[in-house]
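Shown below: query38.tsv, with TSV, C-alpha atoms and all ligand atoms.
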```
chain	number	residue	atom	x	y	z
A	578	MET	CA	21.13	9.51	11.30
A	579	ASN	CA	20.56	7.13	8.43
A	580	GLN	CA	23.61	5.74	6.72
A	581	THR	CA	21.53	3.94	4.16
A	582	ILE	CA	18.69	5.08	1.91
A	583	LEU	CA	16.01	2.41	1.53
A	584	LEU	CA	14.73	2.12	-2.04
A	585	ASN	CA	12.71	-1.03	-1.28
A	586	PRO	CA	8.90	-0.72	-1.14
A	587	GLY	CA	8.64	-0.53	2.64
A	588	PRO	CA	9.78	-0.28	5.31
A	589	VAL	CA	10.92	3.18	4.32
A	590	THR	CA	13.60	5.64	5.38
A	591	ILE	CA	11.97	7.70	8.13
A	592	THR	CA	12.67	11.24	9.31
A	593	GLU	CA	14.41	11.97	12.60
A	594	ARG	CA	11.22	13.45	14.01
A	595	VAL	CA	9.33	10.20	13.43
A	596	ARG	CA	12.22	8.23	14.93
A	597	HIS	CA	12.25	10.46	18.01
A	598	ALA	CA	8.49	10.05	18.50
A	599	MET	CA	9.09	6.39	19.36
A	600	GLN	CA	11.02	7.47	22.45
A	601	ARG	CA	8.03	9.05	24.15
A	602	GLU	CA	6.88	7.62	27.48
A	603	ASP	CA	5.67	4.06	27.91
A	604	LEU	CA	1.89	3.87	27.90
A	605	CYS	CA	-0.65	1.31	28.97
A	606	HIS	CA	-3.10	0.80	26.14
A	607	ARG	CA	-6.02	0.75	28.63
A	608	GLU	CA	-5.28	4.28	29.86
A	609	PRO	CA	-7.06	7.35	28.46
A	610	GLU	CA	-3.74	8.78	27.20
A	611	PHE	CA	-3.49	5.94	24.69
A	612	ALA	CA	-7.16	6.19	23.74
A	613	GLU	CA	-6.65	9.87	22.93
A	614	LEU	CA	-3.66	9.04	20.75
A	615	ALA	CA	-5.55	6.28	18.91
A	616	LEU	CA	-8.57	8.50	18.29
A	617	ASP	CA	-6.36	11.22	16.87
A	618	ILE	CA	-4.60	8.73	14.56
A	619	LYS	CA	-7.98	7.42	13.36
A	620	ALA	CA	-9.23	10.95	12.65
A	621	ARG	CA	-6.07	11.88	10.76
A	622	LEU	CA	-6.12	8.68	8.70
A	623	ALA	CA	-9.72	9.26	7.64
A	624	LYS	CA	-8.75	12.79	6.55
A	625	VAL	CA	-5.77	11.82	4.37
A	626	TYR	CA	-8.41	11.69	1.64
A	627	PRO	CA	-10.91	14.41	2.58
A	628	GLU	CA	-13.65	12.66	0.63
A	629	ALA	CA	-13.46	9.68	3.01
A	630	ALA	CA	-13.67	11.66	6.26
A	631	LYS	CA	-17.45	11.60	6.60
A	632	ASP	CA	-18.45	8.04	5.68
A	633	TYR	CA	-15.36	5.94	6.31
A	634	GLU	CA	-13.53	5.01	9.48
A	635	ALA	CA	-9.98	3.74	9.91
A	636	ILE	CA	-9.84	0.51	11.91
A	637	LEU	CA	-6.37	0.14	13.42
A	638	LEU	CA	-4.68	-3.25	13.61
A	639	THR	CA	-1.34	-4.34	14.96
A	640	GLY	CA	0.36	-6.26	12.18
A	641	SER	CA	1.90	-5.65	8.76
A	642	GLY	CA	0.00	-4.61	5.62
A	643	THR	CA	-0.95	-8.22	4.92
A	644	CYS	CA	-2.77	-8.28	8.28
A	645	ALA	CA	-5.03	-5.40	7.22
A	646	VAL	CA	-5.67	-6.94	3.79
A	647	GLU	CA	-6.58	-10.29	5.30
A	648	ALA	CA	-8.80	-8.70	7.98
A	649	MET	CA	-10.65	-6.76	5.28
A	650	LEU	CA	-11.29	-9.83	3.14
A	651	SER	CA	-12.17	-12.10	6.06
A	652	THR	CA	-14.57	-9.61	7.66
A	653	LEU	CA	-16.23	-8.02	4.63
A	654	VAL	CA	-16.80	-10.78	2.07
A	655	PRO	CA	-20.11	-12.26	3.28
A	656	LYS	CA	-20.33	-15.98	3.96
A	657	ASP	CA	-23.18	-16.18	1.45
A	658	GLY	CA	-21.45	-13.75	-0.93
A	659	LYS	CA	-18.91	-14.28	-3.66
A	660	ALA	CA	-15.61	-12.58	-4.46
A	661	LEU	CA	-14.20	-11.80	-7.88
A	662	VAL	CA	-10.47	-11.29	-7.41
A	663	VAL	CA	-8.59	-9.50	-10.19
A	664	THR	CA	-4.88	-10.31	-10.29
A	665	ASN	CA	-1.80	-9.24	-12.23
A	666	GLY	CA	0.94	-9.75	-9.67
A	667	VAL	CA	2.02	-11.20	-6.33
A	668	TYR	CA	-0.36	-9.17	-4.17
A	669	GLY	CA	-3.51	-9.90	-6.16
A	670	GLU	CA	-2.62	-13.59	-6.17
A	671	ARG	CA	-2.05	-13.46	-2.41
A	672	MET	CA	-5.56	-12.04	-1.91
A	673	ALA	CA	-7.06	-14.87	-3.99
A	674	LYS	CA	-5.24	-17.30	-1.70
A	675	MET	CA	-6.66	-15.55	1.37
A	676	VAL	CA	-10.25	-15.64	0.12
A	677	LYS	CA	-9.85	-19.37	-0.56
A	678	ILE	CA	-8.29	-20.14	2.81
A	679	HIS	CA	-11.10	-18.30	4.56
A	680	GLY	CA	-13.57	-20.53	2.75
A	681	LYS	CA	-15.39	-17.83	0.79
A	682	LYS	CA	-16.75	-18.37	-2.70
A	683	ILE	CA	-14.31	-17.03	-5.25
A	684	GLU	CA	-13.61	-16.50	-8.89
A	685	VAL	CA	-10.31	-15.17	-10.17
A	686	VAL	CA	-9.60	-13.10	-13.29
A	687	THR	CA	-5.89	-13.51	-13.84
A	688	SER	CA	-3.50	-11.58	-16.05
A	689	LEU	CA	0.21	-12.11	-16.51
A	690	TRP	CA	2.37	-9.88	-14.33
A	691	HIS	CA	3.40	-7.52	-17.14
A	692	GLU	CA	-0.21	-7.10	-18.28
A	693	PRO	CA	-2.98	-4.75	-17.12
A	694	MET	CA	-6.02	-6.14	-15.27
A	695	ASN	CA	-8.39	-7.95	-17.65
A	696	LEU	CA	-11.38	-5.63	-17.32
A	697	ILE	CA	-13.28	-7.08	-20.27
A	698	GLU	CA	-13.31	-10.42	-18.49
A	699	VAL	CA	-14.33	-8.73	-15.21
A	700	GLU	CA	-17.29	-7.12	-16.95
A	701	ASN	CA	-18.28	-10.42	-18.54
A	702	ARG	CA	-18.12	-12.26	-15.23
A	703	LEU	CA	-20.29	-9.63	-13.56
A	704	ILE	CA	-22.86	-9.82	-16.34
A	705	GLU	CA	-22.99	-13.62	-16.23
A	706	ASP	CA	-22.89	-14.16	-12.48
A	707	SER	CA	-25.19	-12.02	-10.36
A	708	SER	CA	-24.12	-13.83	-7.17
A	709	ILE	CA	-20.83	-11.87	-7.12
A	710	THR	CA	-21.02	-9.37	-4.25
A	711	HIS	CA	-17.43	-8.09	-4.10
A	712	VAL	CA	-14.71	-7.24	-6.58
A	713	ILE	CA	-11.22	-7.35	-5.05
A	714	ALA	CA	-8.13	-5.77	-6.60
A	715	VAL	CA	-4.74	-4.16	-5.96
A	716	HIS	CA	-4.49	-0.42	-6.50
A	717	HIS	CA	-0.74	-0.22	-7.03
A	718	GLU	CA	0.68	-3.66	-7.90
A	719	THR	CA	4.10	-3.40	-6.27
A	720	THR	CA	5.27	-6.54	-8.12
A	721	THR	CA	5.88	-4.40	-11.21
A	722	GLY	CA	5.05	-0.82	-10.20
A	723	ARG	CA	1.88	-0.74	-12.27
A	724	LEU	CA	-0.85	1.62	-11.13
A	725	ASN	CA	-3.85	-0.52	-11.96
A	726	ASP	CA	-6.71	1.17	-13.79
A	727	VAL	CA	-8.97	1.19	-10.75
A	728	ALA	CA	-10.79	4.25	-12.07
A	729	LYS	CA	-12.20	2.04	-14.84
A	730	LEU	CA	-12.68	-0.98	-12.57
A	731	GLY	CA	-14.44	1.17	-9.98
A	732	LYS	CA	-16.77	2.59	-12.61
A	733	ILE	CA	-17.76	-0.95	-13.60
A	734	CYS	CA	-18.40	-1.80	-9.91
A	735	LYS	CA	-20.47	1.32	-9.42
A	736	HIS	CA	-22.50	0.62	-12.55
A	737	LYS	CA	-23.14	-3.00	-11.51
A	738	ASN	CA	-23.70	-2.07	-7.88
A	739	VAL	CA	-21.00	-4.49	-6.69
A	740	ALA	CA	-18.75	-3.45	-3.79
A	741	LEU	CA	-15.02	-2.90	-4.37
A	742	LEU	CA	-12.35	-3.90	-1.84
A	743	LEU	CA	-8.86	-2.59	-2.54
A	744	ASP	CA	-5.34	-3.40	-1.42
A	745	CYS	CA	-3.97	0.15	-1.17
A	746	VAL	CA	-0.96	-0.91	0.90
A	747	SER	CA	1.59	0.73	-1.41
A	748	SER	CA	-0.52	3.66	-2.65
A	749	PHE	CA	-2.34	5.07	0.40
A	750	GLY	CA	-1.07	8.58	1.13
A	751	ALA	CA	0.37	9.20	-2.33
A	752	GLU	CA	-1.86	8.11	-5.23
A	753	ALA	CA	-5.41	9.42	-5.68
A	754	ILE	CA	-8.22	7.24	-4.32
A	755	GLU	CA	-11.87	7.90	-5.15
A	756	PHE	CA	-14.25	6.48	-2.61
A	757	ASP	CA	-17.69	7.13	-4.05
A	758	ALA	CA	-16.92	6.89	-7.77
A	759	TRP	CA	-15.23	3.51	-7.25
A	760	ASN	CA	-17.99	2.09	-5.04
A	761	LEU	CA	-15.33	1.45	-2.41
A	762	GLU	CA	-16.46	-0.50	0.64
A	763	GLY	CA	-13.01	-0.82	2.15
A	764	CYS	CA	-9.33	-0.33	1.48
A	765	ALA	CA	-6.38	-1.73	3.40
A	766	ALA	CA	-3.09	0.07	4.00
A	767	THR	CA	-0.10	0.28	6.31
A	768	ALA	CA	1.92	2.75	8.39
A	769	ASN	CA	5.28	2.09	6.82
A	770	LYS	CA	4.93	2.76	3.11
A	771	CYS	CA	3.64	6.05	1.64
A	772	LEU	CA	2.71	7.36	5.11
A	773	HIS	CA	6.36	7.20	6.28
A	774	GLY	CA	5.74	5.55	9.66
A	775	VAL	CA	7.41	2.39	10.94
A	776	PRO	CA	6.24	-1.23	10.52
A	777	GLY	CA	3.81	-2.68	13.05
A	778	ILE	CA	0.50	-0.92	12.44
A	779	SER	CA	-1.86	-1.35	9.53
A	780	PHE	CA	-5.45	-0.31	9.01
A	781	VAL	CA	-8.59	-0.75	6.96
A	782	LEU	CA	-10.68	2.25	5.95
A	783	VAL	CA	-14.22	0.88	6.00
A	784	LYS	CA	-17.55	2.42	5.07
A	785	CYS	CA	-19.07	2.86	8.56
A	786	SER	CA	-22.69	2.20	7.59
A	787	LEU	CA	-21.73	-1.44	7.01
A	788	PHE	CA	-21.17	-2.21	10.67
A	789	ASP	CA	-24.83	-1.56	11.45
A	790	SER	CA	-26.33	-3.09	8.33
A	791	ARG	CA	-24.47	-6.39	8.04
A	792	PRO	CA	-23.10	-8.96	10.49
A	793	SER	CA	-19.38	-9.68	10.49
A	794	ALA	CA	-18.34	-12.43	8.09
A	795	ALA	CA	-15.02	-12.94	9.89
A	796	THR	CA	-13.42	-16.35	9.84
A	797	SER	CA	-10.75	-15.38	12.38
A	798	VAL	CA	-10.73	-13.97	15.90
A	799	TYR	CA	-7.77	-11.60	15.59
A	800	LEU	CA	-8.78	-10.38	12.13
A	801	ASP	CA	-12.44	-9.60	12.86
A	802	LEU	CA	-12.85	-5.87	12.24
A	803	TYR	CA	-16.16	-5.60	14.13
A	804	PRO	CA	-14.80	-5.79	17.73
A	805	TYR	CA	-12.02	-3.34	16.75
A	806	TYR	CA	-14.60	-0.98	15.29
A	807	LYS	CA	-16.69	-1.13	18.44
A	808	GLU	CA	-13.88	-0.67	20.98
A	809	GLN	CA	-12.07	1.93	18.89
A	810	GLN	CA	-15.09	4.25	19.14
A	811	GLN	CA	-13.52	5.10	22.51
A	812	GLY	CA	-9.92	4.65	21.33
A	813	TYR	CA	-9.34	1.21	22.80
A	814	SER	CA	-8.54	-2.11	21.13
A	815	PRO	CA	-9.49	-5.73	21.85
A	816	PHE	CA	-5.79	-6.75	21.83
A	817	THR	CA	-2.51	-5.05	22.73
A	818	PRO	CA	-1.72	-2.41	20.10
A	819	ALA	CA	1.85	-1.46	19.11
A	820	VAL	CA	2.09	1.62	21.32
A	821	HIS	CA	5.46	3.03	20.22
A	822	VAL	CA	4.65	2.36	16.59
A	823	SER	CA	1.47	4.38	17.16
A	824	TYR	CA	3.56	7.35	18.33
A	825	ALA	CA	5.56	7.12	15.11
A	826	LEU	CA	2.46	6.91	12.90
A	827	HIS	CA	0.91	9.86	14.70
A	828	GLU	CA	4.01	11.97	14.09
A	829	ALA	CA	4.24	10.81	10.47
A	830	LEU	CA	0.63	11.87	9.88
A	831	ILE	CA	1.27	15.33	11.34
A	832	GLU	CA	4.36	15.57	9.16
A	833	LEU	CA	2.32	14.60	6.09
A	834	GLU	CA	-0.26	17.30	6.84
A	835	GLU	CA	2.45	19.94	7.38
A	836	MET	CA	4.04	19.02	4.06
A	837	GLY	CA	0.77	19.60	2.22
A	838	GLY	CA	-1.00	16.23	2.47
A	839	GLN	CA	-1.52	13.46	-0.09
A	840	LYS	CA	-1.51	15.72	-3.16
A	841	ALA	CA	1.81	17.29	-2.20
A	842	ARG	CA	3.26	13.86	-1.50
A	843	TYR	CA	2.06	12.71	-4.93
A	844	ARG	CA	3.87	15.67	-6.54
A	845	HIS	CA	7.07	15.01	-4.60
A	846	TYR	CA	7.05	11.30	-5.53
A	847	HIS	CA	6.27	12.23	-9.14
A	848	THR	CA	9.35	14.48	-9.29
A	849	LEU	CA	11.56	11.77	-7.79
A	850	ALA	CA	10.20	9.01	-10.04
A	851	GLN	CA	10.64	11.14	-13.18
A	852	LYS	CA	14.24	11.90	-12.22
A	853	ILE	CA	14.93	8.21	-11.58
A	854	ARG	CA	13.38	7.11	-14.90
A	855	GLN	CA	15.14	9.79	-16.94
A	856	GLY	CA	18.45	9.15	-15.22
A	857	PHE	CA	18.34	5.41	-15.80
A	858	LYS	CA	17.32	5.90	-19.43
A	859	GLN	CA	20.46	7.99	-19.96
A	860	ILE	CA	22.56	5.24	-18.44
A	861	GLY	CA	20.88	2.78	-20.84
A	862	ILE	CA	18.76	0.88	-18.33
A	863	GLU	CA	15.22	0.26	-19.57
A	864	THR	CA	11.96	0.19	-17.66
A	865	PHE	CA	10.09	-3.14	-17.48
A	866	LEU	CA	6.66	-1.59	-18.19
A	867	ASP	CA	5.72	1.29	-20.49
A	868	GLU	CA	6.40	4.53	-18.64
A	869	GLN	CA	2.77	5.65	-18.58
A	870	ASP	CA	1.76	2.47	-16.71
A	871	TYR	CA	3.73	3.24	-13.55
A	872	SER	CA	2.60	4.68	-10.25
A	873	VAL	CA	4.65	7.54	-8.80
A	874	VAL	CA	5.83	5.16	-6.07
A	875	LEU	CA	8.02	2.53	-7.72
A	876	THR	CA	9.76	1.67	-11.00
A	877	SER	CA	10.84	-1.76	-12.23
A	878	PHE	CA	13.87	-1.94	-14.52
A	879	HIS	CA	15.45	-4.66	-16.64
A	880	LEU	CA	18.71	-5.77	-15.07
A	881	PRO	CA	21.76	-4.59	-17.01
A	882	THR	CA	23.04	-7.43	-19.21
A	883	ASN	CA	26.52	-7.35	-17.67
A	884	ALA	CA	25.45	-7.97	-14.07
A	885	THR	CA	23.42	-10.18	-11.77
A	886	TYR	CA	21.00	-8.69	-9.27
A	887	GLU	CA	23.28	-9.76	-6.41
A	888	GLU	CA	26.26	-7.90	-7.86
A	889	LEU	CA	24.23	-4.77	-8.42
A	890	HIS	CA	22.62	-4.97	-4.98
A	891	GLN	CA	25.97	-5.42	-3.21
A	892	PHE	CA	27.63	-2.58	-5.06
A	893	LEU	CA	24.79	-0.17	-4.29
A	894	LYS	CA	24.53	-1.28	-0.68
A	895	LYS	CA	28.22	-0.53	-0.15
A	896	ASN	CA	27.43	2.94	-1.46
A	897	GLY	CA	24.47	3.48	0.85
A	898	PHE	CA	21.43	2.39	-1.17
A	899	VAL	CA	19.24	-0.67	-0.76
A	900	ILE	CA	17.38	-1.68	-3.93
A	901	TYR	CA	14.83	-4.48	-4.30
A	902	ALA	CA	14.80	-7.68	-6.36
A	903	GLY	CA	12.05	-8.91	-8.65
A	904	GLN	CA	9.68	-11.56	-7.25
A	905	GLY	CA	8.85	-15.04	-8.56
A	906	GLY	CA	9.54	-15.42	-12.28
A	907	LEU	CA	10.99	-11.90	-12.46
A	908	LYS	CA	13.72	-12.60	-9.90
A	909	SER	CA	16.58	-12.81	-12.34
A	910	SER	CA	15.34	-10.31	-14.91
A	911	ILE	CA	14.31	-7.12	-13.10
A	912	PHE	CA	15.14	-4.94	-10.12
A	913	ARG	CA	12.95	-2.33	-8.44
A	914	ILE	CA	13.47	1.17	-7.12
A	915	ALA	CA	10.84	2.58	-4.79
A	916	ASN	CA	10.95	6.29	-3.99
A	917	MET	CA	8.73	6.41	-0.93
A	918	GLY	CA	10.07	7.51	2.45
A	919	ASP	CA	12.24	10.47	3.39
A	920	ILE	CA	14.04	10.72	0.05
A	921	GLN	CA	15.06	13.95	-1.66
A	922	LEU	CA	16.24	14.85	-5.16
A	923	ASP	CA	19.89	14.97	-4.09
A	924	ASP	CA	19.60	11.37	-2.86
A	925	VAL	CA	18.40	10.40	-6.35
A	926	GLU	CA	21.30	12.32	-7.90
A	927	ARG	CA	23.76	10.43	-5.71
A	928	LEU	CA	22.08	7.15	-6.70
A	929	LEU	CA	22.45	7.96	-10.39
A	930	ASP	CA	26.11	8.97	-9.94
A	931	CYS	CA	26.69	5.73	-8.15
A	932	PHE	CA	24.99	3.72	-10.89
A	933	GLN	CA	27.16	5.35	-13.50
A	934	ARG	CA	30.20	4.07	-11.66
A	935	PHE	CA	28.87	0.51	-11.58
A	936	ASP	CA	30.90	-1.76	-13.81
A	937	ALA	CA	30.37	-5.45	-13.17
A	1001	LIG	C1	3.89	-4.31	0.78
A	1001	LIG	C2	2.61	-4.75	0.22
A	1001	LIG	C3	1.77	-5.67	0.88
A	1001	LIG	C4	2.18	-6.41	2.12
A	1001	LIG	O1	2.58	-5.63	3.15
A	1001	LIG	P1	3.40	-6.28	4.39
A	1001	LIG	O2	3.56	-5.10	5.27
A	1001	LIG	O3	4.68	-6.80	3.83
A	1001	LIG	O4	2.56	-7.33	4.97
A	1001	LIG	C5	0.53	-5.94	0.35
A	1001	LIG	N1	0.14	-5.38	-0.80
A	1001	LIG	C6	0.90	-4.51	-1.48
A	1001	LIG	C7	0.39	-3.93	-2.76
A	1001	LIG	C8	2.17	-4.18	-1.00
A	1001	LIG	O5	2.96	-3.34	-1.68
```

Would you mind writing the structure in this file as C-alpha cells?
Amino acid sequence: MNQTILLNPGPVTITERVRHAMQREDLCHREPEFAELALDIKARLAKVYPEAAKDYEAILLTGSGTCAVEAMLSTLVPKDGKALVVTNGVYGERMAKMVKIHGKKIEVVTSLWHEPMNLIEVENRLIEDSSITHVIAVHHETTTGRLNDVAKLGKICKHKNVALLLDCVSSFGAEAIEFDAWNLEGCAATANKCLHGVPGISFVLVKCSLFDSRPSAATSVYLDLYPYYKEQQQGYSPFTPAVHVSYALHEALIELEEMGGQKARYRHYHTLAQKIRQGFKQIGIETFLDEQDYSVVLTSFHLPTNATYEELHQFLKKNGFVIYAGQGGLKSSIFRIANMGDIQLDDVERLLDCFQRFDA
C-alpha cells in the first residue's frame, strides 16, 4: 500500500495491480514469451489513440522519457534537413539542446516560460526558409502546466507540408492528440506519466511509412529507432529491454482500456484538476497561468507569501503528499501539483484539508 500520494509529474502513484504485475516470472528477452508481451504492448500503445493504430507504430525503448525524445530527434531529423524548435519552457529548450548536440541544422523560436508558443514567428520562419523540414514542439509543457496550442501549430505544419515532431511525454494517454490534422511524423512518450506504469520504458510513435522511404538519420547507436523498428516486428529488441517494467506497462495499458481509455482518463483528470484549482482559489492561492491555458494534467501555483517552497513541501510530505518545485527561474516563486497516477477525488479533498491547516 502507498503511504504517500505523488503529486509530482512522474513517476506516478501506481495501482496495486500494476505493482503486482512486476512480480511475474523472470523472462529472457530472447524467448518467445517476451516477444509476445512486447508485441501486445506495441499494439495497445498504438491503439491508445485509435486514429494512430493503422499508420503509426510504437517503438519501445528502455530509458526514461528523455531517451524517447532524443531517439526521435536523432533518428528522424534528416542530416540534410533542418529543425525549427519552438520553446516556452524547460522541455522545449532541452530539445533544442539535443538537436544541436546531434549536429543537425536548427533554428529556435523562443518564448518566455509564462508565454504561449510564438506561432506568428513560426509561420514567418516557415515562409522565409523552405529548407526547414521539421517543426519540433512540446505538447504539454510541464514547466508551467501549459497545454501548448498544437492544434494551431499542427495546422500550420500541415498547410506548409512540414513534418511535426512532438514531445508528448506528459500528455500521452490523457490529452487529445491528432495525428493527421497535425501532420505528425512522430511523438515521444513514457510509461510512467499519464499511462500509470513505472519508470524504465519509453516509446516513440512513428509513422511507419517513413522506415521504408527514408534512411535513418541517427547520430547514436542506442538511440537509432531503425534497428528497434526492424527487430520489434517480431517482438525482439537490439538491446536488453526492462522486462519487469514491461509487465507493469502491459498491466497499466489493460487497466487504461478497462477504465474507458484516453477519453475517460481525460475526464477523470479534468475533474481532479478542477477540484484542485477551485480548492486552492478558496484558500487564496493563485494559479501561475490563466486557468484556460492549463492541461488537465498539472497546475502551477504562486507560492503563498508566508512560506518557502521547502516549508510547504516538508509540511505536505509529513501529511502524505509529495508536491513539486518550480524549475530554473521559477524555483522560488511557484510550486506544481500534478494529478496523474492513481489519484481519486477523496485524495484531493484530503490535500485541500491539509493545505488549509498549513500555517508557516
Ligand atoms: C517528464 C518530461 C520529460 C522527461 O522525462 P524523463 O522521464 O524525466 O526523462 C520530457 N518532456 C516532458 C514534457 C516531460 O514532462

Within 12 Å of file point (-23.3, -12.3, -5.7), counting all atoms listed in the file, expressed as a PDB file with C-alpha atoms, keeping the file's coordinate frame:
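Result went into result.pdb, see below:
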```
ATOM      1  CA  VAL A 654     -16.800 -10.780   2.070  1.00  0.00           C
ATOM      2  CA  PRO A 655     -20.110 -12.260   3.280  1.00  0.00           C
ATOM      3  CA  LYS A 656     -20.330 -15.980   3.960  1.00  0.00           C
ATOM      4  CA  ASP A 657     -23.180 -16.180   1.450  1.00  0.00           C
ATOM      5  CA  GLY A 658     -21.450 -13.750  -0.930  1.00  0.00           C
ATOM      6  CA  LYS A 659     -18.910 -14.280  -3.660  1.00  0.00           C
ATOM      7  CA  ALA A 660     -15.610 -12.580  -4.460  1.00  0.00           C
ATOM      8  CA  LEU A 661     -14.200 -11.800  -7.880  1.00  0.00           C
ATOM      9  CA  LYS A 681     -15.390 -17.830   0.790  1.00  0.00           C
ATOM     10  CA  LYS A 682     -16.750 -18.370  -2.700  1.00  0.00           C
ATOM     11  CA  ILE A 683     -14.310 -17.030  -5.250  1.00  0.00           C
ATOM     12  CA  GLU A 684     -13.610 -16.500  -8.890  1.00  0.00           C
ATOM     13  CA  ARG A 702     -18.120 -12.260 -15.230  1.00  0.00           C
ATOM     14  CA  LEU A 703     -20.290  -9.630 -13.560  1.00  0.00           C
ATOM     15  CA  ILE A 704     -22.860  -9.820 -16.340  1.00  0.00           C
ATOM     16  CA  GLU A 705     -22.990 -13.620 -16.230  1.00  0.00           C
ATOM     17  CA  ASP A 706     -22.890 -14.160 -12.480  1.00  0.00           C
ATOM     18  CA  SER A 707     -25.190 -12.020 -10.360  1.00  0.00           C
ATOM     19  CA  SER A 708     -24.120 -13.830  -7.170  1.00  0.00           C
ATOM     20  CA  ILE A 709     -20.830 -11.870  -7.120  1.00  0.00           C
ATOM     21  CA  THR A 710     -21.020  -9.370  -4.250  1.00  0.00           C
ATOM     22  CA  HIS A 711     -17.430  -8.090  -4.100  1.00  0.00           C
ATOM     23  CA  VAL A 712     -14.710  -7.240  -6.580  1.00  0.00           C
ATOM     24  CA  LYS A 737     -23.140  -3.000 -11.510  1.00  0.00           C
ATOM     25  CA  ASN A 738     -23.700  -2.070  -7.880  1.00  0.00           C
ATOM     26  CA  VAL A 739     -21.000  -4.490  -6.690  1.00  0.00           C
ATOM     27  CA  ALA A 740     -18.750  -3.450  -3.790  1.00  0.00           C
TER      28      ALA A 740
END
```

- [ ] List all protein, DNA and RNA residues that have any atom at most 8 Å from ligand LIG 1001 (chain A), counting only C-alpha atoms and all ligand atoms, and write the list as a list in words.
- [x] Pro586, Gly587, Pro588, Gly640, Ser641, Gly642, Thr643, Cys644, Val646, Tyr668, Gly669, Val715, His716, His717, Glu718, Thr719, Thr720, Asp744, Cys745, Val746, Ser747, Ser748, Ala766, Thr767, Asn769, Lys770, Pro776 and Ser779 of chain A

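Using all atoms listed in the file, the smallest distance between any of A:Leu866, A:Ala758, A:Met649, A:Leu826 and Val781 (chain A) comes from A:Met649.
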
I'd like the contact shell of Asp617 (chain A) - 9 Å cut-off, only C-alpha atoms, skipping same-chain residues fewer than 4 positions apart - returned as a PDB file with C-alpha atoms, in the coordinates of the input.
```pdb
ATOM      1  CA  ALA A 612      -7.160   6.190  23.740  1.00  0.00           C
ATOM      2  CA  GLU A 613      -6.650   9.870  22.930  1.00  0.00           C
ATOM      3  CA  ARG A 621      -6.070  11.880  10.760  1.00  0.00           C
ATOM      4  CA  LEU A 622      -6.120   8.680   8.700  1.00  0.00           C
ATOM      5  CA  GLY A 812      -9.920   4.650  21.330  1.00  0.00           C
ATOM      6  CA  HIS A 827       0.910   9.860  14.700  1.00  0.00           C
TER       7      HIS A 827
END
```

Please define a box with edges along x, y and z of the file around all atoms of region 800-818 of chain A given in the file, extend it by 8 Å on each side, and return its centre and edge lengths in Å to one decimal, as JSON.
```
{"center_x": -9.2, "center_y": -2.6, "center_z": 17.5, "size_x": 31.0, "size_y": 31.5, "size_z": 26.7}
```

Listing only residues of region 617-699 of chain A within 8 Å of region 813-825 of chain A, what is the closest atom pair and its distance in Å (to one decimal) for each, using only C-alpha atoms, sorted by chain and residue number ascending, as CSV?
```
residue,atom,partner,partner_atom,distance
A:Ile618,CA,A:Ser823,CA,7.9
A:Leu638,CA,A:Pro818,CA,7.2
A:Thr639,CA,A:Pro818,CA,5.5
```

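CA of Pro804 (chain A) sits 19.8 Å away from CA of Leu742 (chain A).
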
So which residues touch Ile754 (chain A) within 12 Å, counting all atoms listed in the file, skipping near sequence neighbours fewer than 4 positions away, as a PDB file with C-alpha atoms, in the frame of the given file?
```
ATOM      1  CA  VAL A 625      -5.770  11.820   4.370  1.00  0.00           C
ATOM      2  CA  TYR A 626      -8.410  11.690   1.640  1.00  0.00           C
ATOM      3  CA  PRO A 627     -10.910  14.410   2.580  1.00  0.00           C
ATOM      4  CA  GLU A 628     -13.650  12.660   0.630  1.00  0.00           C
ATOM      5  CA  ALA A 629     -13.460   9.680   3.010  1.00  0.00           C
ATOM      6  CA  HIS A 716      -4.490  -0.420  -6.500  1.00  0.00           C
ATOM      7  CA  HIS A 717      -0.740  -0.220  -7.030  1.00  0.00           C
ATOM      8  CA  LEU A 724      -0.850   1.620 -11.130  1.00  0.00           C
ATOM      9  CA  ASN A 725      -3.850  -0.520 -11.960  1.00  0.00           C
ATOM     10  CA  ASP A 726      -6.710   1.170 -13.790  1.00  0.00           C
ATOM     11  CA  VAL A 727      -8.970   1.190 -10.750  1.00  0.00           C
ATOM     12  CA  ALA A 728     -10.790   4.250 -12.070  1.00  0.00           C
ATOM     13  CA  GLY A 731     -14.440   1.170  -9.980  1.00  0.00           C
ATOM     14  CA  LEU A 743      -8.860  -2.590  -2.540  1.00  0.00           C
ATOM     15  CA  ASP A 744      -5.340  -3.400  -1.420  1.00  0.00           C
ATOM     16  CA  CYS A 745      -3.970   0.150  -1.170  1.00  0.00           C
ATOM     17  CA  SER A 748      -0.520   3.660  -2.650  1.00  0.00           C
ATOM     18  CA  PHE A 749      -2.340   5.070   0.400  1.00  0.00           C
ATOM     19  CA  GLY A 750      -1.070   8.580   1.130  1.00  0.00           C
ATOM     20  CA  ALA A 758     -16.920   6.890  -7.770  1.00  0.00           C
ATOM     21  CA  TRP A 759     -15.230   3.510  -7.250  1.00  0.00           C
ATOM     22  CA  ASN A 760     -17.990   2.090  -5.040  1.00  0.00           C
ATOM     23  CA  LEU A 761     -15.330   1.450  -2.410  1.00  0.00           C
ATOM     24  CA  GLY A 763     -13.010  -0.820   2.150  1.00  0.00           C
ATOM     25  CA  CYS A 764      -9.330  -0.330   1.480  1.00  0.00           C
ATOM     26  CA  ALA A 765      -6.380  -1.730   3.400  1.00  0.00           C
ATOM     27  CA  LEU A 782     -10.680   2.250   5.950  1.00  0.00           C
ATOM     28  CA  GLN A 839      -1.520  13.460  -0.090  1.00  0.00           C
ATOM     29  CA  LYS A 840      -1.510  15.720  -3.160  1.00  0.00           C
ATOM     30  CA  TYR A 843       2.060  12.710  -4.930  1.00  0.00           C
TER      31      TYR A 843
END
```

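You will find CA of Ala623 (chain A) at 14.2 Å from CA of Ala751 (chain A).
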